[in-house]
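Peer 1: Below you'll find data_25.txt; it's compact mmCIF, C-alpha atoms.
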```
# COMPACT_ATOMS: atom_id res chain seq x y z
CA MET A 135 112.35 262.23 146.54
CA ARG A 136 109.40 263.28 144.47
CA LYS A 137 109.18 266.09 141.92
CA ALA A 138 110.95 268.68 144.07
CA SER A 139 114.40 267.40 144.99
CA PHE A 140 115.85 267.86 148.47
CA THR A 141 118.51 270.13 146.97
CA LEU A 142 115.87 272.39 145.40
CA VAL A 143 113.88 272.45 148.64
CA LEU A 144 116.90 273.78 150.50
CA LEU A 145 117.57 276.44 147.85
CA TYR A 146 113.90 277.46 148.05
CA LEU A 147 114.11 277.90 151.82
CA MET A 148 117.38 279.81 151.82
CA GLY A 149 116.27 282.03 148.92
CA SER A 150 112.99 283.24 150.40
CA ALA A 151 109.61 242.79 146.14
CA CYS A 152 108.57 240.20 148.81
CA GLU A 153 111.16 240.80 151.49
CA LYS A 154 111.65 240.25 155.22
CA GLU A 155 111.67 243.53 157.10
CA GLN A 156 114.80 244.60 158.95
CA LYS A 157 114.72 244.67 162.70
CA GLY A 158 112.70 247.69 163.82
CA GLN A 159 110.46 247.81 160.71
CA SER A 160 106.91 247.00 161.86
CA THR A 161 104.46 245.08 159.70
CA GLU A 162 101.43 247.10 160.88
CA GLU A 163 99.49 248.72 158.04
CA ASN A 164 98.52 252.00 159.77
CA LEU A 165 102.01 253.28 160.50
CA PRO A 166 103.34 256.64 159.30
CA VAL A 167 105.64 256.75 156.28
CA VAL A 168 109.04 258.44 156.51
CA GLU A 169 111.31 259.63 153.72
CA GLY A 170 114.38 261.33 155.14
CA ILE A 171 117.89 262.09 153.99
CA ILE A 172 121.00 263.89 155.06
CA GLU A 173 123.45 264.65 152.28
CA GLU A 174 127.13 265.45 152.42
CA ASN A 175 127.35 269.21 153.04
CA GLY A 176 123.55 269.39 153.25
CA TYR A 177 120.98 269.79 156.01
CA PRO A 178 118.65 266.96 157.05
CA MET A 179 115.26 266.84 155.33
CA VAL A 180 112.32 264.66 156.32
CA MET A 181 108.92 264.11 154.77
CA LEU A 182 106.26 262.51 157.00
CA SER A 183 103.07 261.09 155.53
CA ALA A 184 100.08 259.03 156.64
CA ASP A 185 99.57 257.75 153.09
CA PRO A 186 100.53 254.05 152.88
CA ALA A 187 100.94 254.47 149.10
CA TYR A 188 103.41 257.36 149.50
CA PHE A 189 106.19 255.65 147.53
CA ALA A 190 103.78 254.62 144.77
CA GLY A 191 103.07 258.21 143.68
CA THR A 192 102.21 261.69 144.91
CA PRO A 193 100.20 261.56 148.16
CA ALA A 194 96.97 263.52 148.57
CA ALA A 195 97.31 266.90 150.25
CA GLY A 196 95.45 265.68 153.34
CA GLU A 197 97.82 262.78 153.97
CA TRP A 198 100.77 264.77 155.34
CA VAL A 199 101.54 264.52 159.05
CA HIS A 200 101.87 267.95 160.64
CA GLY A 201 103.17 269.18 163.97
CA ALA A 202 105.72 266.43 164.57
CA VAL A 203 108.78 267.13 166.70
CA ILE A 204 111.73 265.92 164.64
CA SER A 205 115.37 266.09 165.67
CA VAL A 206 118.65 264.89 164.19
CA SER A 207 121.79 264.19 166.22
CA ASN A 208 125.37 263.62 165.12
CA GLY A 209 126.42 262.64 168.66
CA PRO A 210 127.67 265.84 170.29
CA GLN A 211 125.12 268.08 168.53
CA SER A 212 121.38 267.96 167.97
CA GLN A 213 119.11 270.12 165.84
CA THR A 214 115.30 270.30 165.85
CA LEU A 215 113.79 270.59 162.39
CA ARG A 216 111.03 272.97 161.33
CA GLU A 217 108.03 272.21 159.13
CA TYR A 218 107.61 274.15 155.88
CA ARG A 219 104.82 274.18 153.30
CA LEU A 220 106.08 274.23 149.71
CA THR A 221 104.63 273.55 146.26
CA ASP A 222 105.96 271.38 143.46
CA ALA A 223 106.24 272.27 139.77
CA ALA A 224 102.56 271.41 139.25
CA GLY A 225 101.45 273.71 142.09
CA ARG A 226 100.63 270.87 144.48
CA PRO A 227 101.46 271.51 148.14
CA PHE A 228 103.82 269.33 150.13
CA TRP A 229 105.44 269.65 153.53
CA VAL A 230 109.03 269.07 154.55
CA TYR A 231 110.82 269.21 157.91
CA THR A 232 114.29 270.68 157.58
CA VAL A 233 116.71 273.19 159.07
CA ASP A 234 115.08 275.84 161.24
CA THR A 235 116.21 279.13 159.68
CA ALA A 236 115.47 280.88 163.00
CA GLN A 237 117.91 278.58 164.83
CA TRP A 238 121.04 278.60 162.67
CA GLN A 239 123.22 278.36 165.77
CA HIS A 240 122.06 274.74 166.24
CA ALA A 241 122.22 273.73 162.58
CA PHE A 242 124.85 271.40 161.15
CA ARG A 243 125.46 269.81 157.76
CA GLY A 244 126.16 266.23 156.83
CA GLU A 245 129.77 264.98 156.71
CA ASN A 246 131.23 261.87 155.12
CA GLY A 247 131.98 259.08 157.57
CA LYS A 248 129.64 260.35 160.30
CA SER A 249 126.47 258.74 161.65
CA TYR A 250 123.18 260.51 162.29
CA THR A 251 120.24 259.56 164.50
CA LEU A 252 116.73 260.64 163.54
CA THR A 253 114.02 260.92 166.22
CA ILE A 254 110.40 261.71 165.38
CA ARG A 255 107.73 262.31 168.03
CA SER A 256 104.25 262.41 166.56
CA GLU A 257 100.75 261.53 167.75
CA GLY A 258 102.03 259.89 170.92
CA LYS A 259 104.58 257.71 169.13
CA THR A 260 108.36 257.85 168.87
CA LEU A 261 110.00 256.83 165.60
CA SER A 262 113.75 256.47 165.28
CA ALA A 263 116.48 255.43 162.87
CA MET A 264 120.21 255.79 162.34
CA THR A 265 122.18 256.21 159.12
CA THR A 266 125.74 256.92 158.03
CA ILE A 267 127.02 259.11 155.22
CA PRO A 268 129.55 256.59 153.96
CA ALA A 269 133.05 257.06 152.67
CA VAL A 270 133.15 256.71 148.89
CA ARG A 271 133.44 253.00 148.05
CA LEU A 272 131.80 253.08 144.61
CA ARG A 273 133.47 255.97 142.81
CA LEU A 274 132.14 257.71 139.72
CA ASP A 275 135.13 258.09 137.39
CA SER A 276 133.33 259.45 134.32
CA ALA A 277 129.97 259.55 132.54
CA TRP A 278 128.97 260.06 128.90
CA TRP A 279 126.08 259.78 126.46
CA GLY A 280 126.29 256.97 123.91
CA PRO A 281 123.97 255.39 121.33
CA ALA A 282 122.16 253.48 124.08
CA GLY A 283 121.90 256.43 126.44
CA LEU A 284 123.71 257.32 129.66
CA LYS A 285 126.78 255.28 130.61
CA ALA A 286 129.23 255.58 133.50
CA ARG A 287 132.61 254.19 134.47
CA LEU A 288 132.82 253.25 138.15
CA THR A 289 135.54 251.95 140.43
CA GLY A 290 134.34 249.97 143.41
CA SER A 291 135.48 248.14 146.50
CA ALA A 292 133.92 244.84 147.57
CA THR A 293 131.21 246.64 149.59
CA GLY A 294 130.14 249.80 147.75
CA TYR A 295 126.52 250.93 147.37
CA ALA A 296 125.07 253.87 145.46
CA ARG A 297 121.94 255.59 144.16
CA TYR A 298 121.88 258.00 141.27
CA PHE A 299 119.64 260.79 139.98
CA THR A 300 119.43 262.57 136.63
CA ALA A 301 118.26 266.07 135.72
CA ARG A 302 117.47 267.39 132.26
CA ASN A 303 118.39 270.91 131.18
CA GLY A 304 118.30 272.38 134.70
CA GLY A 305 115.17 270.52 135.80
CA ASP A 306 114.59 268.51 138.96
CA TYR A 307 116.74 265.51 139.87
CA LEU A 308 114.78 262.29 139.45
CA PRO A 309 115.91 258.96 140.93
CA GLY A 310 117.07 255.95 138.96
CA MET A 311 114.78 252.97 139.49
CA HIS A 312 117.48 250.62 140.76
CA PRO A 313 120.44 251.34 143.08
CA LEU A 314 123.92 250.01 142.38
CA SER A 315 126.13 247.64 144.34
CA SER A 316 129.67 246.43 143.81
CA GLU A 317 128.48 243.14 145.31
CA THR A 318 126.52 242.55 142.09
CA LEU A 319 128.50 244.69 139.61
CA GLY A 320 131.90 243.47 140.78
CA LYS A 321 134.78 245.38 142.31
CA GLY A 322 137.44 247.19 140.33
CA THR A 323 136.68 249.38 137.30
CA ILE A 324 133.46 248.66 135.41
CA GLU A 325 131.18 250.31 132.86
CA VAL A 326 127.41 250.43 133.51
CA GLN A 327 124.34 251.56 131.60
CA LEU A 328 122.21 253.97 133.64
CA GLY A 329 118.54 254.50 132.89
CA GLU A 330 117.21 258.02 133.22
CA GLY A 331 115.66 259.00 136.54
CA MET A 332 111.91 258.41 136.84
CA ASP A 333 109.11 260.63 138.11
CA ARG A 334 107.30 258.54 140.74
CA SER A 335 104.06 260.46 140.07
CA GLY A 336 104.07 258.99 136.55
CA ALA A 337 104.42 262.29 134.68
CA PRO A 338 105.79 261.52 131.19
CA GLN A 339 109.14 262.84 130.00
CA GLY A 340 109.79 263.93 126.45
CA ALA A 341 112.67 262.69 124.36
CA LEU A 342 116.08 264.24 124.87
CA ALA A 343 117.60 266.04 121.91
CA LYS A 344 121.11 266.66 120.63
CA GLY A 345 122.76 269.45 122.57
CA ASP A 346 120.67 268.85 125.71
CA THR A 347 122.42 268.76 129.06
CA VAL A 348 121.99 265.91 131.55
CA TRP A 349 123.32 266.21 135.09
CA LEU A 350 124.16 263.00 136.93
CA LYS A 351 124.01 263.07 140.72
CA PHE A 352 125.83 260.00 142.01
CA CYS A 353 125.46 259.17 145.70
CA ASN A 354 127.22 256.58 147.85
CA VAL A 355 124.83 255.20 150.48
CA ASP A 356 124.99 252.71 153.32
CA HIS A 357 123.68 249.15 153.09
CA ASN A 358 120.31 249.93 154.73
CA THR A 359 119.56 252.68 152.22
CA TYR A 360 120.63 250.45 149.35
CA ASP A 361 118.38 247.65 150.63
CA PHE A 362 115.36 249.96 150.83
CA TRP A 363 115.71 251.24 147.28
CA ARG A 364 116.64 247.83 145.87
CA SER A 365 113.39 246.36 147.18
CA ALA A 366 111.41 249.48 146.19
CA GLY A 367 112.83 249.28 142.65
CA ALA A 368 111.91 245.61 142.42
CA ALA A 369 108.31 246.52 143.34
CA TRP A 370 108.16 249.38 140.81
CA ALA A 371 109.46 247.10 138.08
CA LYS A 372 106.47 244.79 138.77
CA GLY A 373 104.00 247.68 138.87
CA ALA A 374 103.52 247.17 142.62
CA ASP A 375 103.37 249.57 145.55
CA PRO A 376 106.78 249.38 147.32
CA LEU A 377 105.03 249.42 150.71
CA GLY A 378 102.05 247.32 149.70
CA PRO A 379 101.22 243.73 150.68
CA GLY A 380 103.75 241.24 149.36
CA ALA A 381 106.12 243.96 148.12
CA ARG A 382 107.19 245.72 151.32
CA ALA A 383 110.39 247.67 150.82
CA LYS A 384 112.83 247.08 153.64
CA GLY A 385 113.13 250.14 155.84
CA ASN A 386 115.15 251.16 158.88
CA VAL A 387 112.75 253.40 160.85
CA SER A 388 111.28 251.87 164.00
CA ASN A 389 107.49 252.14 164.37
CA ALA A 390 107.14 253.41 160.80
CA LYS A 391 107.50 252.53 157.14
CA GLY A 392 110.11 254.15 154.94
CA TYR A 393 113.73 255.03 155.51
CA TRP A 394 116.32 257.50 156.80
CA GLY A 395 119.45 257.58 154.64
CA GLY A 396 122.82 259.32 154.34
CA TYR A 397 124.26 260.32 150.96
CA SER A 398 127.75 261.31 149.85
CA VAL A 399 127.43 263.19 146.57
CA THR A 400 129.29 263.59 143.27
CA TYR A 401 128.01 265.50 140.23
CA GLU A 402 128.84 265.04 136.55
CA ARG A 403 127.55 267.08 133.58
CA ILE A 404 126.92 265.32 130.26
CA ILE A 405 126.10 267.15 127.03
CA ILE A 406 124.40 265.01 124.39
CA PRO A 407 126.56 265.20 121.23
CA LYS A 408 125.17 267.10 118.26
```
What is this file in structure tokens?

Peer 2:
Amino acid sequence: MRKASFTLVLLYLMGSACEKEQKGQSTEENLPVVEGIIEENGYPMVMLSADPAYFAGTPAAGEWVHGAVISVSNGPQSQTLREYRLTDAAGRPFWVYTVDTAQWQHAFRGENGKSYTLTIRSEGKTLSAMTTIPAVRLRLDSAWWGPAGLKARLTGSATGYARYFTARNGGDYLPGMHPLSSETLGKGTIEVQLGEGMDRSGAPQGALAKGDTVWLKFCNVDHNTYDFWRSAGAAWAKGADPLGPGARAKGNVSNAKGYWGGYSVTYERIIIPK
């Protein structure tokens, strides 16, 4: 997510790498770009853009796709999302489709172990994807700040995948560049170094100081979500556009670029020692 996190969007509303694409991911260059999540105990949120460089930075205001009909189903229930105009910390507008506050009777939150189907109807096209909020297979046991920065102790099964985000002193959650996998880290209990989350728009971050507070948001994800962010991170590390030629991040949305992902969530607060 960019500068405004999905969590902050919901609070706002309620308060006022050269890869093969997965099956269903088209190679056409003029397709819409989807970024959508459903978190454990959270409502679905979807951002829909016509900007092919969406994941390379902040899209121009005119690149958002408006008026789409977007629904999310958990099997027995379905909810239609509503489009909202918001602004980020720099005053730039952005649009998000999320829970319709006038239709609470149809709203539902994400639950661990359940699957969710996303359907988007826009400009005569139908886009679709499915994701699962997984059971916790890569568990965050503890996190702390050491001489080299943020470290965490994890316990994993043979097939655990995760993303993480960090927030400074009550600020927005920013994503770590690379997701985590017990397939590469190893199962059992391990210690890992975690880089701070990055602002995709390129806004610089100042140095942290003694006594500052860092929040770690640790999210188990399914394999499709891990694959998307692994390939996106590989492109970022090379200075490439994750959806650009030769660096296409692997997505799971048919007839579109981007992804639809489920997140189970754990939080940990770390205070930098004085």

Peer 1: Check the smallest atom-to-atom distance from each of A:Ile324, A:Ala241, A:Ile254, A:Val233 to Glu169 (chain A) using all atoms listed in the file, then report the winner.

Peer 2: A:Ile254

Peer 1: For region 284-327 of chain A against region 342-351 of chain A, with a cut-off of 12 Å and counting only C-alpha atoms, what is the closest atom pair and its distance in Å to one decimal for every residue that makes the cut, ordered by chain and number, as CSV?

Peer 2:
```
residue,atom,partner,partner_atom,distance
A:Leu284,CA,A:Val348,CA,9.0
A:Lys285,CA,A:Leu350,CA,10.3
A:Ala286,CA,A:Leu350,CA,9.6
A:Ala296,CA,A:Lys351,CA,10.4
A:Arg297,CA,A:Lys351,CA,8.5
A:Tyr298,CA,A:Lys351,CA,5.5
A:Phe299,CA,A:Lys351,CA,5.0
A:Thr300,CA,A:Leu350,CA,4.8
A:Ala301,CA,A:Trp349,CA,5.1
A:Arg302,CA,A:Val348,CA,4.8
A:Asn303,CA,A:Thr347,CA,5.0
A:Gly304,CA,A:Thr347,CA,7.9
A:Gly305,CA,A:Trp349,CA,9.2
A:Asp306,CA,A:Trp349,CA,9.8
A:Tyr307,CA,A:Lys351,CA,7.7
A:Leu308,CA,A:Lys351,CA,9.3
A:Pro309,CA,A:Lys351,CA,9.1
A:Gly310,CA,A:Lys351,CA,10.1
```

Peer 1: From the options A:Ser205, A:Ala341, A:Gln327, A:Glu217, which residue's atoms come nearest to Ile406 (chain A), counting all atoms listed in the file?

Peer 2: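 Checking each candidate against Ile406 (chain A), we get A:Ala341 as the closest.
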
Peer 1: Figure out the distance between CA of Gly396 (chain A) and CA of Pro210 (chain A), please, to one decimal in Å.

Peer 2: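 Distance reported for this atom pair: 17.9 Å.
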
Peer 1: Please provide as an MDAnalysis selection string all residues within 9 Å of region 373-377 of chain A, with the sequence filter that same-chain residues fewer than 5 positions apart are discarded (counting all atoms listed in the file).

Peer 2: chainID A and resid 151 186:191 365:368 382:384 391:392

Peer 1: Between A:Arg226, A:Arg271, A:Lys259, A:Arg364, which residue has the minimum interatomic distance to Ser398 (chain A), considering only C-alpha atoms?

Peer 2: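 Among A:Arg226, A:Arg271, A:Lys259, A:Arg364, it is A:Arg271 that comes nearest to Ser398 (chain A).
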
Peer 1: Could you check which of A:Val206, A:Ala292, A:Val167, A:Ile267 is closest to Leu319 (chain A), using only C-alpha atoms?

Peer 2: A:Ala292
